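Participant: Next comes final_15.txt, compact mmCIF, C-alpha atoms:
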# COMPACT_ATOMS: atom_id res chain seq x y z
CA MET A 26 -56.81 23.39 43.11
CA THR A 27 -54.11 23.82 45.77
CA THR A 28 -51.58 26.63 45.78
CA SER A 29 -48.67 24.16 45.37
CA SER A 30 -50.23 22.51 42.31
CA SER A 31 -50.90 25.92 40.76
CA SER A 32 -47.30 26.95 41.42
CA SER A 33 -46.01 23.68 39.96
CA ARG A 34 -48.16 24.11 36.86
CA LEU A 35 -46.92 27.69 36.47
CA GLN A 36 -43.29 26.54 36.80
CA LYS A 37 -43.77 23.88 34.15
CA ALA A 38 -45.46 26.30 31.78
CA PHE A 39 -42.71 28.88 32.26
CA LEU A 40 -39.93 26.37 31.68
CA LYS A 41 -41.70 24.82 28.70
CA TYR A 42 -41.74 28.19 26.97
CA GLN A 43 -38.63 29.61 28.68
CA HIS A 44 -36.92 30.34 25.35
CA ILE A 45 -39.69 32.84 24.57
CA PHE A 46 -39.24 34.67 27.88
CA VAL A 47 -35.46 34.44 27.58
CA PHE A 48 -35.41 36.19 24.21
CA LEU A 49 -38.03 38.73 25.30
CA ALA A 50 -35.72 39.86 28.13
CA PRO A 51 -32.91 41.23 25.89
CA LEU A 52 -35.50 42.70 23.52
CA LEU A 53 -37.07 44.64 26.39
CA PHE A 54 -33.59 45.57 27.61
CA VAL A 55 -32.59 46.99 24.21
CA VAL A 56 -35.89 48.90 23.87
CA GLY A 57 -35.52 50.28 27.38
CA VAL A 58 -31.94 51.35 26.75
CA TYR A 59 -32.85 52.99 23.46
CA PHE A 60 -35.67 55.08 24.92
CA ALA A 61 -34.59 55.62 28.53
CA ALA A 62 -30.82 55.29 28.96
CA PRO A 63 -28.75 58.47 29.25
CA THR A 64 -26.87 58.71 25.94
CA PRO A 65 -24.93 61.47 24.15
CA ALA A 66 -27.12 64.28 22.89
CA ASP A 67 -26.06 63.67 19.29
CA ALA A 68 -26.61 59.88 19.42
CA GLY A 69 -28.05 58.78 16.08
CA SER A 70 -28.08 55.51 14.17
CA GLY A 71 -24.31 55.66 13.85
CA TYR A 72 -23.99 55.61 17.64
CA TRP A 73 -26.16 52.50 18.05
CA PHE A 74 -24.58 50.52 15.21
CA GLU A 75 -20.96 51.44 15.92
CA TYR A 76 -20.18 48.21 17.76
CA TRP A 77 -22.47 45.72 15.98
CA TRP A 78 -19.52 43.36 15.46
CA LEU A 79 -19.37 42.69 19.20
CA CYS A 80 -22.45 40.52 18.71
CA LEU A 81 -20.47 37.90 16.77
CA ALA A 82 -17.65 37.74 19.30
CA PHE A 83 -19.96 37.51 22.31
CA VAL A 84 -22.18 34.77 20.82
CA THR A 85 -19.07 32.63 20.33
CA GLY A 86 -17.67 33.42 23.76
CA ALA A 87 -20.98 32.85 25.54
CA THR A 88 -21.43 29.45 23.90
CA ILE A 89 -17.94 28.36 24.94
CA VAL A 90 -18.06 29.49 28.58
CA ASN A 91 -21.62 28.29 29.19
CA THR A 92 -20.75 24.86 27.77
CA VAL A 93 -17.86 24.53 30.23
CA GLY A 94 -19.81 26.17 33.08
CA ILE A 95 -17.57 29.16 33.86
CA SER A 96 -18.08 32.91 33.97
CA GLY A 97 -18.48 34.73 30.66
CA SER A 98 -16.22 37.57 31.71
CA ALA A 99 -13.30 35.13 31.85
CA LEU A 100 -13.27 35.50 28.06
CA PHE A 101 -15.11 38.80 27.63
CA VAL A 102 -12.78 40.92 29.79
CA PRO A 103 -9.53 39.74 28.09
CA PHE A 104 -11.24 40.19 24.71
CA LEU A 105 -12.10 43.78 25.61
CA ILE A 106 -8.54 44.40 26.84
CA PHE A 107 -6.63 42.97 23.87
CA VAL A 108 -8.87 42.61 20.81
CA PHE A 109 -11.31 45.48 21.21
CA PRO A 110 -8.65 48.26 21.01
CA VAL A 111 -7.24 46.73 17.81
CA ILE A 112 -10.63 46.77 16.06
CA ALA A 113 -12.19 49.87 17.61
CA GLY A 114 -9.06 51.98 17.93
CA GLU A 115 -9.75 52.86 21.56
CA SER A 116 -9.17 51.35 24.99
CA LEU A 117 -11.61 50.89 27.85
CA THR A 118 -10.94 51.53 31.53
CA PRO A 119 -10.91 48.46 33.82
CA GLU A 120 -14.15 49.59 35.48
CA THR A 121 -15.94 49.96 32.14
CA LEU A 122 -14.80 46.68 30.60
CA VAL A 123 -15.69 44.73 33.77
CA LYS A 124 -19.08 46.41 33.78
CA ILE A 125 -19.72 45.42 30.14
CA GLY A 126 -18.66 41.86 30.90
CA LEU A 127 -20.84 41.58 34.01
CA ILE A 128 -23.96 43.08 32.43
CA SER A 129 -23.57 40.83 29.40
CA GLU A 130 -22.91 37.64 31.32
CA SER A 131 -25.80 38.37 33.70
CA PHE A 132 -28.19 37.94 30.79
CA GLY A 133 -26.25 35.13 29.14
CA LEU A 134 -25.86 33.02 32.25
CA SER A 135 -29.48 33.58 33.29
CA SER A 136 -30.50 32.37 29.83
CA SER A 137 -28.27 29.30 30.06
CA ALA A 138 -29.35 28.61 33.65
CA LEU A 139 -33.00 28.38 32.58
CA ALA A 140 -32.01 26.05 29.75
CA PHE A 141 -30.16 23.78 32.20
CA ILE A 142 -33.13 23.88 34.59
CA GLN A 143 -35.35 22.78 31.72
CA TYR A 144 -33.00 19.85 31.17
CA GLY A 145 -33.31 18.97 34.87
CA LEU A 146 -29.61 19.49 35.60
CA VAL A 147 -29.81 22.04 38.44
CA ASP A 148 -29.74 21.25 42.16
CA ARG A 149 -31.57 24.27 43.53
CA ARG A 150 -30.76 23.49 47.17
CA LEU A 151 -27.03 23.54 46.46
CA ALA A 152 -27.39 26.64 44.31
CA LEU A 153 -29.26 28.61 46.99
CA SER A 154 -26.72 27.84 49.72
CA LEU A 155 -23.80 28.79 47.47
CA VAL A 156 -25.36 32.05 46.30
CA LEU A 157 -26.12 33.15 49.88
CA GLY A 158 -22.58 32.29 50.98
CA SER A 159 -21.00 34.20 48.07
CA VAL A 160 -22.95 37.47 48.41
CA PRO A 161 -20.73 39.38 50.89
CA PHE A 162 -17.55 38.40 49.04
CA VAL A 163 -18.94 39.47 45.66
CA VAL A 164 -19.97 42.87 47.05
CA ALA A 165 -16.54 43.33 48.68
CA GLY A 166 -14.74 42.51 45.43
CA ALA A 167 -16.95 44.86 43.40
CA LEU A 168 -16.33 47.76 45.80
CA LEU A 169 -12.58 47.03 45.76
CA SER A 170 -12.56 47.46 41.98
CA PHE A 171 -13.26 51.20 42.34
CA VAL A 172 -9.97 51.98 44.08
CA ILE A 173 -7.53 49.37 42.76
CA PRO A 174 -4.78 50.72 40.41
CA GLU A 175 -4.88 49.51 36.80
CA PRO A 176 -1.51 47.63 36.90
CA LEU A 177 -2.60 45.76 40.02
CA PHE A 178 -5.93 45.02 38.36
CA HIS A 179 -4.16 43.44 35.39
CA ALA A 180 -1.87 41.44 37.71
CA LEU A 181 -4.79 40.09 39.75
CA LEU A 182 -6.65 39.30 36.54
CA GLY A 183 -3.62 37.33 35.36
CA ILE A 184 -3.44 35.42 38.66
CA ALA A 185 -7.14 34.55 38.39
CA LEU A 186 -6.70 33.31 34.82
CA ILE A 187 -3.63 31.22 35.68
CA ALA A 188 -5.56 29.63 38.56
CA ALA A 189 -8.54 29.01 36.29
CA SER A 190 -6.26 27.46 33.65
CA VAL A 191 -4.61 25.09 36.12
CA LEU A 192 -7.94 24.08 37.63
CA LEU A 193 -9.50 23.49 34.23
CA PHE A 194 -6.63 21.23 33.13
CA LYS A 195 -6.88 19.26 36.39
CA ALA A 196 -10.66 18.93 36.29
CA ASP A 197 -12.27 15.96 34.57
CA LEU A 198 -15.08 17.65 32.66
CA SER A 199 -15.71 14.73 30.31
CA HIS A 200 -19.30 13.53 30.38
CA GLU A 201 -19.58 10.51 32.64
CA GLU A 202 -22.20 8.03 31.56
CA PRO A 203 -25.34 8.55 33.64
CA GLY A 204 -27.39 5.59 34.81
CA GLU A 205 -29.96 4.01 32.55
CA ALA A 206 -32.85 1.67 33.15
CA SER A 207 -31.88 -2.01 33.16
CA GLU A 208 -33.22 -4.33 30.48
CA GLY A 209 -36.74 -5.47 31.26
CA GLU A 210 -37.36 -2.67 33.78
CA PRO A 211 -39.61 0.31 33.07
CA GLU A 212 -37.75 3.19 31.46
CA VAL A 213 -36.94 6.04 33.82
CA SER A 214 -39.20 9.00 33.13
CA ALA A 215 -38.13 12.60 33.44
CA ASP A 216 -41.39 13.33 35.22
CA GLY A 217 -41.07 10.69 37.89
CA GLY A 218 -42.24 7.64 35.99
CA PRO A 219 -44.60 4.89 37.01
CA GLY A 220 -41.93 2.48 38.20
CA ALA A 221 -41.59 1.79 41.91
CA GLY A 222 -38.90 3.89 43.52
CA MET A 223 -38.63 6.32 40.64
CA PRO A 224 -37.99 9.92 41.77
CA ASP A 225 -41.14 12.01 41.74
CA ASP A 226 -40.67 15.23 43.69
CA ASP A 227 -43.86 17.31 43.60
CA ASP A 228 -41.83 20.46 44.31
CA LYS A 229 -39.22 19.85 41.64
CA LEU A 230 -38.17 22.83 39.56
CA GLY A 231 -38.26 21.76 35.95
CA PRO A 232 -39.06 18.43 34.35
CA ALA A 233 -36.53 16.35 36.28
CA GLY A 234 -37.58 13.88 38.94
CA VAL A 235 -35.72 14.43 42.21
CA GLU A 236 -35.66 12.32 45.35
CA THR A 237 -33.52 12.67 48.48
CA ALA A 238 -33.14 9.54 50.61
CA ASP A 239 -32.90 9.54 54.41
CA ASP A 240 -29.13 9.06 54.19
CA GLY A 241 -28.78 12.19 52.04
CA THR A 242 -28.32 10.44 48.71
CA VAL A 243 -29.92 12.43 45.89
CA THR A 244 -31.35 10.70 42.83
CA ARG A 245 -32.03 13.03 39.91
CA VAL A 246 -33.52 12.22 36.51
CA ASP A 247 -32.99 14.65 33.63
CA ARG A 248 -35.30 15.40 30.72
CA ASP A 249 -33.83 12.61 28.62
CA GLY A 250 -34.43 10.00 31.32
CA ASN A 251 -30.80 9.74 32.49
CA ASP A 252 -30.42 9.37 36.25
CA TYR A 253 -27.66 10.70 38.52
CA GLY A 254 -26.81 9.75 42.10
CA TYR A 255 -24.82 11.92 44.51
CA THR A 256 -24.82 13.54 47.95
CA ARG A 257 -24.72 17.20 48.93
CA GLY A 258 -21.82 16.76 51.37
CA GLY A 259 -18.73 18.97 51.17
CA TYR A 260 -20.36 22.31 51.98
CA LEU A 261 -17.25 23.66 53.75
CA GLU A 262 -14.94 23.03 50.79
CA ARG A 263 -17.43 24.58 48.39
CA PHE A 264 -17.91 27.58 50.68
CA ALA A 265 -14.12 28.19 50.76
CA ASN A 266 -13.88 28.07 46.97
CA TYR A 267 -16.96 30.18 46.33
CA SER A 268 -15.91 32.85 48.85
CA VAL A 269 -12.49 33.36 47.21
CA GLY A 270 -14.08 33.13 43.79
CA GLY A 271 -16.74 35.61 44.88
CA VAL A 272 -14.12 38.30 45.57
CA PHE A 273 -12.69 37.89 42.07
CA GLN A 274 -16.21 37.77 40.62
CA GLY A 275 -16.90 41.23 42.00
CA LEU A 276 -13.43 42.55 41.18
CA ALA A 277 -12.84 41.21 37.66
CA GLY A 278 -16.19 39.77 36.59
CA PHE A 279 -15.21 36.10 36.91
CA GLY A 280 -13.76 33.63 39.40
CA VAL A 281 -16.74 32.18 41.26
CA GLY A 282 -17.61 29.93 38.33
CA GLU A 283 -14.08 28.64 37.78
CA LEU A 284 -13.38 27.81 41.44
CA GLY A 285 -16.96 26.71 42.02
CA ILE A 286 -17.11 24.06 39.32
CA ILE A 287 -13.90 22.51 40.63
CA SER A 288 -15.21 22.33 44.21
CA MET A 289 -18.40 20.62 43.05
CA LEU A 290 -16.48 18.02 41.05
CA ARG A 291 -14.16 17.41 44.01
CA THR A 292 -17.19 16.73 46.23
CA ASN A 293 -18.52 14.16 43.73
CA VAL A 294 -21.37 16.14 42.20
CA PRO A 295 -21.92 14.68 38.66
CA VAL A 296 -20.37 16.95 36.05
CA ARG A 297 -23.59 17.77 34.21
CA VAL A 298 -25.38 18.62 37.46
CA ALA A 299 -22.33 20.61 38.62
CA ILE A 300 -22.26 22.66 35.41
CA GLY A 301 -26.01 23.29 35.51
CA THR A 302 -26.06 24.26 39.19
CA ASN A 303 -22.98 26.44 38.79
CA HIS A 304 -24.83 28.49 36.17
CA ILE A 305 -27.37 29.58 38.77
CA VAL A 306 -24.64 30.68 41.18
CA VAL A 307 -22.62 32.57 38.57
CA ALA A 308 -25.71 34.21 37.08
CA MET A 309 -26.97 35.49 40.45
CA THR A 310 -23.53 36.74 41.56
CA ALA A 311 -22.98 38.41 38.17
CA VAL A 312 -26.27 40.28 38.50
CA LEU A 313 -25.30 41.40 42.01
CA ALA A 314 -21.82 42.49 40.93
CA SER A 315 -23.30 44.37 37.96
CA VAL A 316 -25.59 46.37 40.24
CA VAL A 317 -22.66 47.29 42.52
CA HIS A 318 -20.48 48.27 39.54
CA VAL A 319 -23.19 50.52 38.11
CA PHE A 320 -24.30 52.22 41.31
CA GLY A 321 -21.61 51.58 43.94
CA GLY A 322 -18.90 54.09 43.05
CA GLY A 323 -20.16 56.69 45.50
CA LEU A 324 -20.00 54.21 48.39
CA VAL A 325 -16.21 53.96 48.29
CA PRO A 326 -14.05 56.88 49.52
CA GLY A 327 -11.89 57.97 46.60
CA GLY A 328 -13.70 55.59 44.27
CA HIS A 329 -14.42 56.35 40.66
CA THR A 330 -17.72 57.91 39.77
CA MET A 331 -19.78 55.16 38.18
CA ASP A 332 -23.32 55.86 37.11
CA LEU A 333 -25.75 54.98 34.37
CA ALA A 334 -24.45 57.73 32.10
CA SER A 335 -20.96 56.18 32.08
CA THR A 336 -22.19 52.86 30.70
CA PRO A 337 -21.42 52.33 26.98
CA TRP A 338 -25.00 51.50 26.02
CA ASN A 339 -24.17 51.22 22.32
CA MET A 340 -22.01 48.20 23.23
CA VAL A 341 -24.29 46.34 25.63
CA VAL A 342 -27.28 46.54 23.25
CA TRP A 343 -25.28 44.11 21.10
CA THR A 344 -23.51 42.03 23.74
CA VAL A 345 -26.62 41.28 25.83
CA PRO A 346 -28.64 39.61 23.01
CA ALA A 347 -25.48 37.81 21.92
CA THR A 348 -24.82 36.25 25.34
CA VAL A 349 -28.48 35.23 25.68
CA THR A 350 -28.26 33.40 22.36
CA GLY A 351 -25.02 31.69 23.35
CA GLY A 352 -26.57 30.70 26.68
CA GLN A 353 -29.42 28.91 24.93
CA ILE A 354 -27.07 27.09 22.57
CA ALA A 355 -24.73 25.87 25.33
CA PRO A 356 -26.81 22.98 26.81
CA TYR A 357 -27.14 21.40 23.37
CA VAL A 358 -23.40 21.74 22.77
CA SER A 359 -22.73 20.36 26.27
CA THR A 360 -24.74 17.21 25.59
CA ALA A 361 -23.35 16.72 22.09
CA LEU A 362 -19.62 17.34 22.54
CA ASP A 363 -16.88 16.11 24.79
CA THR A 364 -16.41 19.07 27.11
CA GLY A 365 -12.79 18.02 27.68
CA THR A 366 -11.80 19.27 24.23
CA ILE A 367 -13.30 22.70 24.90
CA LYS A 368 -11.73 22.66 28.37
CA LYS A 369 -8.21 22.22 26.96
CA PHE A 370 -8.72 25.04 24.46
CA VAL A 371 -10.07 27.44 27.09
CA GLY A 372 -7.39 26.49 29.63
CA GLY A 373 -4.61 27.11 27.12
CA LEU A 374 -6.16 30.41 26.07
CA PHE A 375 -6.35 31.51 29.72
CA ALA A 376 -2.64 30.77 30.21
CA ILE A 377 -1.64 32.82 27.15
CA ILE A 378 -3.86 35.75 28.18
CA ALA A 379 -2.47 35.62 31.74
CA VAL A 380 1.10 36.00 30.49
CA ALA A 381 0.08 39.03 28.42
CA LEU A 382 -1.65 40.55 31.46
CA PHE A 383 1.46 40.10 33.61
CA LEU A 384 3.51 41.88 30.92
CA MET A 385 0.97 44.74 30.92
CA ALA A 386 1.10 44.97 34.72
CA ALA A 387 4.91 45.15 34.56
CA GLY A 388 4.72 47.92 31.93
CA VAL A 389 6.38 45.78 29.24
CA ALA A 390 3.37 45.56 26.93
As C-alpha cells - that is how I would like this structure written.

Facilitator:
Amino acid sequence: MTTSSSSSRLQKAFLKYQHIFVFLAPLLFVVGVYFAAPTPADAGSGYWFEYWWLCLAFVTGATIVNTVGISGSALFVPFLIFVFPVIAGESLTPETLVKIGLISESFGLSSSALAFIQYGLVDRRLALSLVLGSVPFVVAGALLSFVIPEPLFHALLGIALIAASVLLFKADLSHEEPGEASEGEPEVSADGGPGAGMPDDDDKLGPAGVETADDGTVTRVDRDGNDYGYTRGGYLERFANYSVGGVFQGLAGFGVGELGIISMLRTNVPVRVAIGTNHIVVAMTAVLASVVHVFGGGLVPGGHTMDLASTPWNMVVWTVPATVTGGQIAPYVSTALDTGTIKKFVGGLFAIIAVALFLMAAGVA
C-alpha cells in the first residue's frame, strides 16, 4: 500500500466521521478550560453557569453567518456590544469582546469548513493561497487593536459593517443551478464516476471529484453529484480584498470573510464553492487572530496586557460548543434555503448596527 493511498484513505475516514471529531473538539476544550484555565479562586458552579444563555444566541448567529459564508464576529461582536450589557448588566472592553468572538468563531468556522469539505465544496488550492496572503495583514490588525482608542474602534467597526452591508446587498448569493448529467448519460458520481471524462482526482480532499484542465478550467463534483465549472483566475483582485479584510479581521474579528466572498463571486467562482472555500480562509485567519489577541499584548509598546487570565472562560465554554453546532447545521441550511433571503436580513441588520456604532463613537449613545 502506497503512502498516498494510505493518506487518501485516512482523509476519507476522517471526513466520513468528521462530525464526531468536530464535537469532540469543543468537549476537550471545555474540559481543558475547566481543569487548567486560570479562573477566579472562588469560581464554583455559579461561575461556570452564569452565561449559559449565550449558547442560544451563538448557535443562532453561527448558523446564519456560516450559511452566508461570512465571519461569525460580524454578528457576535455587535451582539456583545449592544445586547450583552442589557442582559448581563455589564459591559465588555473592545479587546475582550473581540477575543470572545474570535475564539468562538475559530471553532465554529473550523466545524463548518469540515462540513463543506465533506460536501466537496472547497477549493483547497484557492484557500491555501488566500490564507498565506492574508497572514501578515491579520497579524497587523490584531496588534493594532491593543492601542486603538475605544471610540475609534467603534467607528472602524461601523465602517466595516457598512461596507459589509453594501457588498452583501450587491452580491448575488442565490444558488445557481449546478450542472447535471444529460439524459441517457451516466450520472456524475461524487467519487469520480465511471463515465469517460468524469473528474477523478486521486489527491482530492473529501468526496468530491476534481479535475483541472490544461487551460486552467476546474471541474468539481460535489457529494450530491452536482458539477461546477470555473477557473482560478483573478488572484490579484482577491489578494487586494483579502489583505484589506485581513486587517479588519485582526482588528475587529471580521472583514476577511465579507470582502473575500465578494471577490470570489466577482472572479466567477460558483457561489457554493466560494462559500465553502471562504470558510477555510476565515477559520484559519480567525485562529491566527485569536492567538495574537490572547498572547500579543506584550509585543506592542503601550498595548493592553492580554493574557490567559483575562479571558472570560465562563463565557467561551458556552459560545464555543454553540458555534460548532451552528457550523455543522449551516451546510444543510445553505443547500435547503435561498441564501438571498438570509443575505438581505443580515445586510439590513449590519446597516442598523453600524449606525448605532457611529452614534457610540460620536458619544451620542

Participant: Of the candidates A:Glu236, A:Leu181, A:Leu168, A:Thr85, which shows the shortest atom-to-atom distance to Phe320 in chain A, using all atoms listed in the file?

Facilitator: A:Leu168

Participant: Using all atoms listed in the file, which residue out of A:Ala347, A:Leu182, A:Ile287, A:Val111 lies closest to Val84 in chain A?

Facilitator: A:Ala347

Participant: Name all residues at most 12 Å from Pro103 in chain A (count all atoms listed in the file; drop same-chain ones fewer than 4 positions away) and give them as a PDB file with C-alpha atoms, in the frame of the given file.

Facilitator:
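Contents of the output file out00.pdb:
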ATOM      1  CA  GLY A  86     -17.670  33.420  23.760  1.00  0.00           C
ATOM      2  CA  GLY A  97     -18.480  34.730  30.660  1.00  0.00           C
ATOM      3  CA  SER A  98     -16.220  37.570  31.710  1.00  0.00           C
ATOM      4  CA  ALA A  99     -13.300  35.130  31.850  1.00  0.00           C
ATOM      5  CA  PHE A 107      -6.630  42.970  23.870  1.00  0.00           C
ATOM      6  CA  VAL A 108      -8.870  42.610  20.810  1.00  0.00           C
ATOM      7  CA  PHE A 109     -11.310  45.480  21.210  1.00  0.00           C
ATOM      8  CA  PRO A 110      -8.650  48.260  21.010  1.00  0.00           C
ATOM      9  CA  LEU A 117     -11.610  50.890  27.850  1.00  0.00           C
ATOM     10  CA  PRO A 119     -10.910  48.460  33.820  1.00  0.00           C
ATOM     11  CA  LEU A 122     -14.800  46.680  30.600  1.00  0.00           C
ATOM     12  CA  VAL A 123     -15.690  44.730  33.770  1.00  0.00           C
ATOM     13  CA  ILE A 125     -19.720  45.420  30.140  1.00  0.00           C
ATOM     14  CA  GLY A 126     -18.660  41.860  30.900  1.00  0.00           C
ATOM     15  CA  HIS A 179      -4.160  43.440  35.390  1.00  0.00           C
ATOM     16  CA  LEU A 182      -6.650  39.300  36.540  1.00  0.00           C
ATOM     17  CA  GLY A 183      -3.620  37.330  35.360  1.00  0.00           C
ATOM     18  CA  ALA A 185      -7.140  34.550  38.390  1.00  0.00           C
ATOM     19  CA  LEU A 186      -6.700  33.310  34.820  1.00  0.00           C
ATOM     20  CA  ALA A 277     -12.840  41.210  37.660  1.00  0.00           C
ATOM     21  CA  GLY A 278     -16.190  39.770  36.590  1.00  0.00           C
ATOM     22  CA  PHE A 279     -15.210  36.100  36.910  1.00  0.00           C
ATOM     23  CA  LEU A 374      -6.160  30.410  26.070  1.00  0.00           C
ATOM     24  CA  PHE A 375      -6.350  31.510  29.720  1.00  0.00           C
ATOM     25  CA  ALA A 376      -2.640  30.770  30.210  1.00  0.00           C
ATOM     26  CA  ILE A 377      -1.640  32.820  27.150  1.00  0.00           C
ATOM     27  CA  ILE A 378      -3.860  35.750  28.180  1.00  0.00           C
ATOM     28  CA  ALA A 379      -2.470  35.620  31.740  1.00  0.00           C
ATOM     29  CA  VAL A 380       1.100  36.000  30.490  1.00  0.00           C
ATOM     30  CA  ALA A 381       0.080  39.030  28.420  1.00  0.00           C
ATOM     31  CA  LEU A 382      -1.650  40.550  31.460  1.00  0.00           C
ATOM     32  CA  MET A 385       0.970  44.740  30.920  1.00  0.00           C
TER      33      MET A 385
END

Participant: Provide the CA of Ala62 in chain A to CA of Pro346 in chain A distance in Å, to one decimal place.

Facilitator: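 Going from CA of Ala62 in chain A over to CA of Pro346 in chain A covers 16.9 Å.
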
Participant: One decimal, Å: what's the distance from CA of Ala167 in chain A over to CA of Thr348 in chain A, could you say?

Facilitator: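 Those two atoms sit 21.5 Å apart.
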